[in-house]
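As provided, coords-v5.txt (compact mmCIF, C-alpha atoms) reads as follows.
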```txt
# COMPACT_ATOMS: atom_id res chain seq x y z
CA MET A 265 -28.11 5.88 7.15
CA LYS A 266 -25.18 3.47 7.09
CA LYS A 267 -22.88 6.25 5.85
CA ILE A 268 -23.99 8.51 8.70
CA LEU A 269 -23.31 5.73 11.22
CA LYS A 270 -19.87 5.10 9.70
CA LEU A 271 -19.04 8.81 9.87
CA LYS A 272 -20.23 8.89 13.49
CA ASN A 273 -18.01 5.92 14.35
CA VAL A 274 -15.00 7.57 12.69
CA LEU A 275 -15.52 10.84 14.57
CA ILE A 276 -15.94 9.06 17.91
CA SER A 277 -12.83 6.96 17.30
CA LEU A 278 -10.76 10.02 16.40
CA ALA A 279 -12.08 11.93 19.40
CA ILE A 280 -11.06 9.08 21.72
CA LEU A 281 -7.61 8.95 20.15
CA ILE A 282 -7.10 12.71 20.58
CA LEU A 283 -8.34 12.59 24.18
CA ILE A 284 -5.89 9.79 25.02
CA TRP A 285 -3.12 11.74 23.31
CA GLN A 286 -3.99 14.91 25.26
CA PHE A 287 -4.18 12.94 28.53
CA LEU A 288 -0.73 11.45 27.94
CA PHE A 289 0.62 14.92 27.12
CA LEU A 290 -0.77 16.39 30.36
CA THR A 291 0.42 13.54 32.56
CA SER A 292 3.77 12.93 30.87
CA SER A 293 7.02 14.25 32.33
CA PHE A 294 8.53 14.70 28.87
CA ASP A 295 9.24 18.15 27.52
CA SER A 296 6.70 19.39 24.94
CA ALA A 297 9.51 19.61 22.38
CA LEU A 298 9.82 15.82 22.60
CA PHE A 299 6.16 14.92 23.07
CA PRO A 300 3.86 17.67 21.74
CA SER A 301 0.13 18.00 22.30
CA PRO A 302 -2.51 17.44 19.60
CA PHE A 303 -2.92 21.22 19.29
CA MET A 304 0.81 21.64 18.65
CA ALA A 305 0.73 18.94 15.97
CA ILE A 306 -2.27 20.56 14.28
CA LYS A 307 -0.50 23.93 14.43
CA ALA A 308 2.57 22.35 12.80
CA LEU A 309 0.30 20.88 10.13
CA GLY A 310 -1.00 24.37 9.37
CA GLU A 311 2.57 25.66 9.23
CA MET A 312 3.55 23.02 6.66
CA PHE A 313 0.42 23.75 4.66
CA GLN A 314 1.18 27.47 4.55
CA ASN A 315 4.83 27.12 3.48
CA GLY A 316 3.96 24.51 0.86
CA THR A 317 6.23 21.72 2.15
CA LEU A 318 3.30 19.44 2.98
CA PHE A 319 1.85 19.53 -0.53
CA ARG A 320 5.26 19.07 -2.17
CA ASN A 321 6.14 16.06 -0.04
CA ILE A 322 2.71 14.47 -0.45
CA SER A 323 2.81 14.87 -4.23
CA THR A 324 6.35 13.45 -4.36
CA SER A 325 5.43 10.43 -2.23
CA MET A 326 2.23 9.79 -4.20
CA TYR A 327 4.13 9.88 -7.49
CA ARG A 328 6.61 7.30 -6.22
CA PHE A 329 3.85 5.18 -4.73
CA PHE A 330 1.73 5.18 -7.87
CA ILE A 331 4.63 4.16 -10.12
CA GLY A 332 5.97 1.46 -7.78
CA TYR A 333 2.65 0.01 -6.66
CA SER A 334 0.85 0.00 -10.01
CA SER A 335 3.80 -1.51 -11.88
CA SER A 336 4.24 -4.17 -9.18
CA VAL A 337 0.55 -5.13 -9.25
CA ILE A 338 0.48 -5.35 -13.06
CA VAL A 339 3.62 -7.50 -13.25
CA ALA A 340 2.62 -9.73 -10.32
CA VAL A 341 -0.94 -10.32 -11.60
CA ILE A 342 0.20 -11.18 -15.13
CA LEU A 343 2.93 -13.48 -13.85
CA GLY A 344 0.54 -15.02 -11.30
CA LEU A 345 -2.09 -15.72 -13.97
CA ILE A 346 0.54 -17.51 -16.05
CA LEU A 347 2.13 -19.49 -13.23
CA GLY A 348 -1.26 -20.34 -11.73
CA GLN A 349 -2.05 -22.28 -14.88
CA MET A 350 1.33 -24.02 -14.78
CA PRO A 351 1.39 -25.69 -11.33
CA LYS A 352 4.17 -28.09 -12.29
CA VAL A 353 6.42 -25.16 -13.23
CA PHE A 354 5.44 -23.13 -10.15
CA GLN A 355 6.39 -25.96 -7.79
CA TYR A 356 10.02 -25.32 -8.79
CA ILE A 357 9.70 -21.53 -8.57
CA ASN A 358 7.77 -21.46 -5.29
CA PRO A 359 10.72 -22.40 -3.01
CA SER A 360 12.71 -19.42 -4.30
CA VAL A 361 9.68 -17.14 -3.86
CA GLN A 362 9.19 -18.38 -0.29
CA LEU A 363 12.89 -17.73 0.40
CA LEU A 364 12.78 -14.15 -0.88
CA ARG A 365 9.31 -13.20 0.42
CA PRO A 366 10.15 -12.87 4.16
CA ILE A 367 13.16 -10.62 3.46
CA SER A 368 12.28 -7.05 4.37
CA PRO A 369 12.30 -4.76 1.30
CA THR A 370 14.49 -2.31 3.21
CA ALA A 371 17.19 -5.00 3.38
CA TRP A 372 17.65 -4.48 -0.36
CA MET A 373 18.18 -0.74 0.12
CA PRO A 374 22.04 -0.78 0.21
CA PHE A 375 22.14 -2.60 -3.14
CA ILE A 376 19.44 -0.37 -4.65
CA VAL A 377 21.21 2.82 -3.58
CA LEU A 378 24.54 1.53 -4.91
CA LEU A 379 22.94 0.72 -8.27
CA PHE A 380 20.62 3.72 -8.71
CA GLY A 381 21.81 6.34 -6.21
CA ILE A 382 19.36 8.41 -4.17
CA GLY A 383 16.14 9.94 -5.43
CA ASP A 384 12.91 8.48 -6.79
CA THR A 385 14.22 5.11 -7.98
CA PRO A 386 15.16 3.57 -4.59
CA ALA A 387 11.74 4.37 -3.10
CA ILE A 388 9.95 3.07 -6.21
CA ALA A 389 12.02 -0.13 -6.11
CA ILE A 390 11.21 -0.67 -2.43
CA ILE A 391 7.49 -0.24 -3.11
CA PHE A 392 7.68 -2.66 -6.04
CA ILE A 393 9.33 -5.36 -3.91
CA ALA A 394 6.94 -4.81 -0.98
CA ALA A 395 3.83 -5.23 -3.16
CA PHE A 396 5.08 -7.92 -5.53
CA PHE A 397 5.06 -11.11 -3.44
CA PRO A 398 1.60 -10.73 -1.79
CA VAL A 399 -0.02 -10.08 -5.16
CA LEU A 400 1.89 -12.82 -6.95
CA LEU A 401 1.09 -15.52 -4.38
CA SER A 402 -2.57 -14.51 -4.04
CA THR A 403 -2.97 -14.58 -7.82
CA VAL A 404 -1.38 -18.01 -8.18
CA SER A 405 -3.56 -19.32 -5.36
CA ALA A 406 -6.69 -17.72 -6.82
CA VAL A 407 -6.12 -19.29 -10.22
CA GLY A 408 -5.51 -22.67 -8.61
CA ASN A 409 -8.77 -22.44 -6.63
CA ILE A 410 -11.05 -21.55 -9.54
CA ASP A 411 -14.21 -23.63 -9.74
CA PRO A 412 -13.65 -26.25 -12.49
CA VAL A 413 -17.09 -25.38 -13.87
CA TYR A 414 -15.68 -22.15 -15.33
CA LEU A 415 -13.01 -24.08 -17.20
CA LYS A 416 -15.53 -26.65 -18.48
CA VAL A 417 -17.78 -23.87 -19.75
CA SER A 418 -14.85 -22.21 -21.53
CA ASP A 419 -14.01 -25.57 -23.15
CA ASN A 420 -17.61 -26.02 -24.27
CA PHE A 421 -17.56 -22.58 -25.90
CA ASP A 422 -14.11 -23.31 -27.37
CA ILE A 423 -12.52 -20.28 -25.70
CA ARG A 424 -8.77 -20.48 -26.31
CA GLN A 425 -5.77 -18.64 -24.94
CA PRO A 426 -5.17 -15.80 -24.35
CA PHE A 427 -8.93 -15.06 -24.29
CA ARG A 428 -9.47 -17.89 -21.79
CA THR A 429 -7.18 -16.17 -19.28
CA TRP A 430 -8.64 -12.67 -19.59
CA LYS A 431 -12.31 -13.53 -20.15
CA VAL A 432 -12.73 -16.53 -17.84
CA ILE A 433 -9.84 -17.14 -15.43
CA PHE A 434 -9.09 -13.55 -14.42
CA PRO A 435 -12.71 -12.54 -13.66
CA ALA A 436 -13.30 -15.78 -11.73
CA ALA A 437 -10.13 -15.32 -9.65
CA PHE A 438 -10.51 -11.55 -9.26
CA PRO A 439 -12.09 -11.43 -5.76
CA GLN A 440 -9.26 -13.49 -4.25
CA ILE A 441 -6.65 -11.57 -6.24
CA MET A 442 -8.03 -8.36 -4.72
CA ASN A 443 -7.32 -9.71 -1.23
CA GLY A 444 -3.62 -9.78 -2.13
CA ILE A 445 -3.81 -6.36 -3.76
CA HIS A 446 -5.41 -4.89 -0.61
CA LEU A 447 -2.73 -6.47 1.56
CA ALA A 448 0.00 -5.19 -0.76
CA LEU A 449 -1.40 -1.66 -0.62
CA GLY A 450 -0.81 -1.30 3.13
CA THR A 451 2.57 -3.01 2.96
CA ALA A 452 3.75 -0.86 0.05
CA TRP A 453 2.60 2.37 1.73
CA ILE A 454 4.49 1.47 4.90
CA PHE A 455 7.69 0.69 3.02
CA LEU A 456 7.40 3.82 0.89
CA VAL A 457 7.92 5.86 4.04
CA ALA A 458 10.77 3.58 5.14
CA GLY A 459 12.41 3.87 1.72
CA GLU A 460 12.17 7.65 1.72
CA MET A 461 13.83 7.78 5.13
CA VAL A 462 16.99 6.23 3.66
CA GLY A 463 17.19 6.74 -0.08
CA ALA A 464 15.47 10.08 -0.76
CA GLN A 465 15.81 13.79 -0.12
CA SER A 466 12.09 14.53 -0.34
CA GLY A 467 8.73 12.97 0.45
CA LEU A 468 6.85 12.19 3.66
CA GLY A 469 9.47 9.71 4.88
CA TYR A 470 12.24 12.25 4.42
CA GLN A 471 10.08 14.86 6.18
CA ILE A 472 9.95 12.61 9.26
CA ILE A 473 13.73 12.24 9.32
CA ASP A 474 14.19 15.97 8.75
CA ALA A 475 11.80 16.78 11.61
CA ARG A 476 13.66 14.39 13.89
CA ASN A 477 17.02 15.95 13.02
CA ASN A 478 15.64 19.42 13.73
CA ILE A 479 13.95 18.27 16.96
CA ARG A 480 10.50 19.17 15.61
CA ALA A 481 8.39 16.44 17.16
CA ASP A 482 5.26 18.44 16.35
CA ILE A 483 6.03 18.23 12.61
CA LEU A 484 6.98 14.57 13.01
CA LEU A 485 3.65 13.66 14.62
CA ALA A 486 1.71 15.81 12.16
CA THR A 487 3.40 13.97 9.28
CA MET A 488 2.56 10.62 10.87
CA LEU A 489 -1.10 11.67 11.01
CA VAL A 490 -1.00 12.67 7.35
CA ILE A 491 0.53 9.29 6.43
CA GLY A 492 -2.24 7.48 8.29
CA VAL A 493 -5.02 9.54 6.69
CA ILE A 494 -3.61 9.02 3.18
CA GLY A 495 -3.36 5.28 3.84
CA ILE A 496 -7.07 5.18 4.78
CA ILE A 497 -7.99 7.19 1.67
CA LEU A 498 -5.97 4.90 -0.61
CA ASP A 499 -7.64 1.83 0.86
CA GLY A 500 -11.05 3.42 0.37
CA ILE A 501 -10.27 4.24 -3.27
CA LEU A 502 -9.13 0.67 -3.89
CA LYS A 503 -12.35 -0.72 -2.38
CA LEU A 504 -14.38 1.61 -4.59
CA VAL A 505 -12.49 0.46 -7.71
CA GLU A 506 -13.02 -3.17 -6.70
CA LYS A 507 -16.79 -2.62 -6.30
CA ARG A 508 -17.01 -0.90 -9.68
CA ILE A 509 -15.18 -3.74 -11.43
CA LEU A 510 -17.27 -6.42 -9.72
CA LYS A 511 -20.44 -4.54 -10.62
CA ALA A 512 -19.34 -4.30 -14.25
CA TRP A 513 -18.78 -8.08 -14.25
CA GLY A 514 -22.11 -8.76 -12.58
CA GLY A 515 -20.63 -9.76 -9.24
CA GLY A 516 -21.21 -6.60 -7.18
CA GLN A 517 -24.16 -4.74 -5.73
```
Mind turning this structure into structure tokens?
Amino acid sequence: MKKILKLKNVLISLAILILIWQFLFLTSSFDSALFPSPFMAIKALGEMFQNGTLFRNISTSMYRFFIGYSSSVIVAVILGLILGQMPKVFQYINPSVQLLRPISPTAWMPFIVLLFGIGDTPAIAIIFIAAFFPVLLSTVSAVGNIDPVYLKVSDNFDIRQPFRTWKVIFPAAFPQIMNGIHLALGTAWIFLVAGEMVGAQSGLGYQIIDARNNIRADILLATMLVIGVIGIILDGILKLVEKRILKAWGGGQ
């Protein structure tokens, strides 16, 4: 029943969005080439599907995203688990992290392009940077906030490193770590598109720039819709993985 209600809410929300879009199209003084209707965007979506460009660009973007995001999460979680258990060391590292964290990942693009050229690497590097700091800081914080009871129990059972980290600390900190991983997912997906606009010749970000250059606002808006839908799907997959892991550890329903 809950799933039916959720689906109903999604359909109503999308219908309202399309109606607002259609209303703005009908009342706007802009030419349809600059501000197309929902029907024109859907037609452009079908056009991209038929000529294969949509699938190619989605697969290219997903490859870059998977490599950049997964590698960033793995590195940040491992480093966060280590630094979280070394608060005296982290207090010297934290100021540098706080200095670098607010810098937009796209600000690094000129250096990345100079070092690696254009292609997959710049986009992957941008994704890595975008996801790294949220996951690192949430992991360090999660380890620092673990209930001392877990550590006392591990001492009583004489659980030593590295088993203490992977069997006690990581499972106990996992729910809070996942908050950072969820946040990093949206941030990384946003900056993937931004990175592909500058340092790539393929992908969804490049498709937006190409549509703009060819004055194809219908393709541009259709691509934006695709980006939004994929973002929702990725978030849903991550939530499903989180539930499965928590259930396996006895913490989920």
message: Can you tell me which residues surround A:Met488 at a distance of at most 12 Å, considering only C-alpha atoms, apart from same-chain residues fewer than 2 positions away, and format the answer as an NGL selection string?
response: :A and (305-306 or 308-309 or 318 or 322 or 454 or 457 or 468-473 or 475 or 481-486 or 490-495)
Within 12 Å of (-1.8, -17.7, -3.9) (file coordinates; all atoms listed in the file), which protein or nucleic acid residues are there? I'd like them as a tab-separated table (two decimals) with C-alpha atoms, keeping the file's coordinate frame.
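For reference, result_20.tsv as written:
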```tsv
chain	number	residue	atom	x	y	z
A	340	ALA	CA	2.62	-9.73	-10.32
A	341	VAL	CA	-0.94	-10.32	-11.60
A	343	LEU	CA	2.93	-13.48	-13.85
A	344	GLY	CA	0.54	-15.02	-11.30
A	345	LEU	CA	-2.09	-15.72	-13.97
A	347	LEU	CA	2.13	-19.49	-13.23
A	348	GLY	CA	-1.26	-20.34	-11.73
A	349	GLN	CA	-2.05	-22.28	-14.88
A	351	PRO	CA	1.39	-25.69	-11.33
A	354	PHE	CA	5.44	-23.13	-10.15
A	358	ASN	CA	7.77	-21.46	-5.29
A	361	VAL	CA	9.68	-17.14	-3.86
A	362	GLN	CA	9.19	-18.38	-0.29
A	397	PHE	CA	5.06	-11.11	-3.44
A	398	PRO	CA	1.60	-10.73	-1.79
A	399	VAL	CA	-0.02	-10.08	-5.16
A	400	LEU	CA	1.89	-12.82	-6.95
A	401	LEU	CA	1.09	-15.52	-4.38
A	402	SER	CA	-2.57	-14.51	-4.04
A	403	THR	CA	-2.97	-14.58	-7.82
A	404	VAL	CA	-1.38	-18.01	-8.18
A	405	SER	CA	-3.56	-19.32	-5.36
A	406	ALA	CA	-6.69	-17.72	-6.82
A	407	VAL	CA	-6.12	-19.29	-10.22
A	408	GLY	CA	-5.51	-22.67	-8.61
A	409	ASN	CA	-8.77	-22.44	-6.63
A	410	ILE	CA	-11.05	-21.55	-9.54
A	437	ALA	CA	-10.13	-15.32	-9.65
A	438	PHE	CA	-10.51	-11.55	-9.26
A	440	GLN	CA	-9.26	-13.49	-4.25
A	441	ILE	CA	-6.65	-11.57	-6.24
A	442	MET	CA	-8.03	-8.36	-4.72
A	443	ASN	CA	-7.32	-9.71	-1.23
A	444	GLY	CA	-3.62	-9.78	-2.13
A	445	ILE	CA	-3.81	-6.36	-3.76
```
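What separates atom CA of A:Val339 from atom CA of A:Ile357 is a distance of 16.0 Å.
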statement: atom CA of A:Leu489 sits from atom CA of A:Met461 at a separation of 16.5 Å
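Within 10 Å of stretch 375-383 of chain A there are Arg328, Thr370, Ile388, Ala389, Ile390, Glu460, Val462, Gly463, Ala464, Gln465, Ser466 and Gly467 of chain A, counting only C-alpha atoms and ignoring same-chain residues fewer than 5 positions away.
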I need the chosen residues saved as an mmCIF file, in the frame of the given file, with C-alpha atoms.
```
data_model
loop_
_atom_site.group_PDB
_atom_site.id
_atom_site.type_symbol
_atom_site.label_atom_id
_atom_site.label_comp_id
_atom_site.auth_asym_id
_atom_site.auth_seq_id
_atom_site.Cartn_x
_atom_site.Cartn_y
_atom_site.Cartn_z
ATOM 1 C CA ARG A 328 6.610 7.300 -6.220
ATOM 2 C CA THR A 370 14.490 -2.310 3.210
ATOM 3 C CA ILE A 388 9.950 3.070 -6.210
ATOM 4 C CA ALA A 389 12.020 -0.130 -6.110
ATOM 5 C CA ILE A 390 11.210 -0.670 -2.430
ATOM 6 C CA GLU A 460 12.170 7.650 1.720
ATOM 7 C CA VAL A 462 16.990 6.230 3.660
ATOM 8 C CA GLY A 463 17.190 6.740 -0.080
ATOM 9 C CA ALA A 464 15.470 10.080 -0.760
ATOM 10 C CA GLN A 465 15.810 13.790 -0.120
ATOM 11 C CA SER A 466 12.090 14.530 -0.340
ATOM 12 C CA GLY A 467 8.730 12.970 0.450
#
```
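Among the candidate residues A:Phe287, A:Phe313, A:Phe396, A:Phe455, the one lying nearest to A:Pro300 is A:Phe287, with distances computed using all atoms listed in the file.
Atom CA of A:Ser368 is found 13.4 Å from atom CA of A:Ala448.
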Where atoms are missing, can you supply N, CA and C atoms for stretch 409-427 of chain A and output the lot as a PDB file, keeping the file's coordinate frame?
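rebuild_22.pdb, written as the output of this step:
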```pdb
ATOM      1  N   ASN A 409      -7.528 -22.131  -7.351  1.00  0.00           N
ATOM      2  CA  ASN A 409      -8.770 -22.440  -6.630  1.00  0.00           C
ATOM      3  C   ASN A 409     -10.039 -22.147  -7.441  1.00  0.00           C
ATOM      4  N   ILE A 410      -9.879 -21.842  -8.713  1.00  0.00           N
ATOM      5  CA  ILE A 410     -11.050 -21.550  -9.540  1.00  0.00           C
ATOM      6  C   ILE A 410     -11.945 -22.784  -9.649  1.00  0.00           C
ATOM      7  N   ASP A 411     -13.237 -22.542  -9.580  1.00  0.00           N
ATOM      8  CA  ASP A 411     -14.210 -23.630  -9.740  1.00  0.00           C
ATOM      9  C   ASP A 411     -14.033 -24.262 -11.127  1.00  0.00           C
ATOM     10  N   PRO A 412     -13.845 -25.571 -11.189  1.00  0.00           N
ATOM     11  CA  PRO A 412     -13.650 -26.250 -12.490  1.00  0.00           C
ATOM     12  C   PRO A 412     -14.784 -26.021 -13.485  1.00  0.00           C
ATOM     13  N   VAL A 413     -15.955 -25.630 -12.983  1.00  0.00           N
ATOM     14  CA  VAL A 413     -17.090 -25.380 -13.870  1.00  0.00           C
ATOM     15  C   VAL A 413     -16.772 -24.287 -14.886  1.00  0.00           C
ATOM     16  N   TYR A 414     -16.053 -23.240 -14.426  1.00  0.00           N
ATOM     17  CA  TYR A 414     -15.680 -22.150 -15.330  1.00  0.00           C
ATOM     18  C   TYR A 414     -14.829 -22.655 -16.489  1.00  0.00           C
ATOM     19  N   LEU A 415     -13.902 -23.544 -16.176  1.00  0.00           N
ATOM     20  CA  LEU A 415     -13.010 -24.080 -17.200  1.00  0.00           C
ATOM     21  C   LEU A 415     -13.773 -24.990 -18.164  1.00  0.00           C
ATOM     22  N   LYS A 416     -14.732 -25.772 -17.628  1.00  0.00           N
ATOM     23  CA  LYS A 416     -15.530 -26.650 -18.480  1.00  0.00           C
ATOM     24  C   LYS A 416     -16.398 -25.837 -19.440  1.00  0.00           C
ATOM     25  N   VAL A 417     -16.955 -24.741 -18.908  1.00  0.00           N
ATOM     26  CA  VAL A 417     -17.780 -23.870 -19.750  1.00  0.00           C
ATOM     27  C   VAL A 417     -16.943 -23.250 -20.865  1.00  0.00           C
ATOM     28  N   SER A 418     -15.728 -22.803 -20.517  1.00  0.00           N
ATOM     29  CA  SER A 418     -14.850 -22.210 -21.530  1.00  0.00           C
ATOM     30  C   SER A 418     -14.462 -23.240 -22.592  1.00  0.00           C
ATOM     31  N   ASP A 419     -14.303 -24.504 -22.183  1.00  0.00           N
ATOM     32  CA  ASP A 419     -14.010 -25.570 -23.150  1.00  0.00           C
ATOM     33  C   ASP A 419     -15.208 -25.814 -24.067  1.00  0.00           C
ATOM     34  N   ASN A 420     -16.403 -25.789 -23.481  1.00  0.00           N
ATOM     35  CA  ASN A 420     -17.610 -26.020 -24.270  1.00  0.00           C
ATOM     36  C   ASN A 420     -17.817 -24.930 -25.329  1.00  0.00           C
ATOM     37  N   PHE A 421     -17.429 -23.688 -24.959  1.00  0.00           N
ATOM     38  CA  PHE A 421     -17.560 -22.580 -25.900  1.00  0.00           C
ATOM     39  C   PHE A 421     -16.297 -22.389 -26.743  1.00  0.00           C
ATOM     40  N   ASP A 422     -15.351 -23.326 -26.581  1.00  0.00           N
ATOM     41  CA  ASP A 422     -14.110 -23.310 -27.370  1.00  0.00           C
ATOM     42  C   ASP A 422     -13.355 -21.980 -27.222  1.00  0.00           C
ATOM     43  N   ILE A 423     -13.272 -21.505 -25.975  1.00  0.00           N
ATOM     44  CA  ILE A 423     -12.520 -20.280 -25.700  1.00  0.00           C
ATOM     45  C   ILE A 423     -11.053 -20.650 -25.487  1.00  0.00           C
ATOM     46  N   ARG A 424     -10.199 -20.155 -26.355  1.00  0.00           N
ATOM     47  CA  ARG A 424      -8.770 -20.480 -26.310  1.00  0.00           C
ATOM     48  C   ARG A 424      -7.961 -19.344 -25.718  1.00  0.00           C
ATOM     49  N   GLN A 425      -6.687 -19.661 -25.442  1.00  0.00           N
ATOM     50  CA  GLN A 425      -5.770 -18.640 -24.940  1.00  0.00           C
ATOM     51  C   GLN A 425      -5.436 -17.645 -26.046  1.00  0.00           C
ATOM     52  N   PRO A 426      -5.190 -16.375 -25.708  1.00  0.00           N
ATOM     53  CA  PRO A 426      -5.170 -15.800 -24.350  1.00  0.00           C
ATOM     54  C   PRO A 426      -6.535 -15.346 -23.833  1.00  0.00           C
ATOM     55  N   PHE A 427      -7.598 -15.526 -24.677  1.00  0.00           N
ATOM     56  CA  PHE A 427      -8.930 -15.060 -24.290  1.00  0.00           C
ATOM     57  C   PHE A 427      -9.443 -15.824 -23.071  1.00  0.00           C
TER      58      PHE A 427
END
```
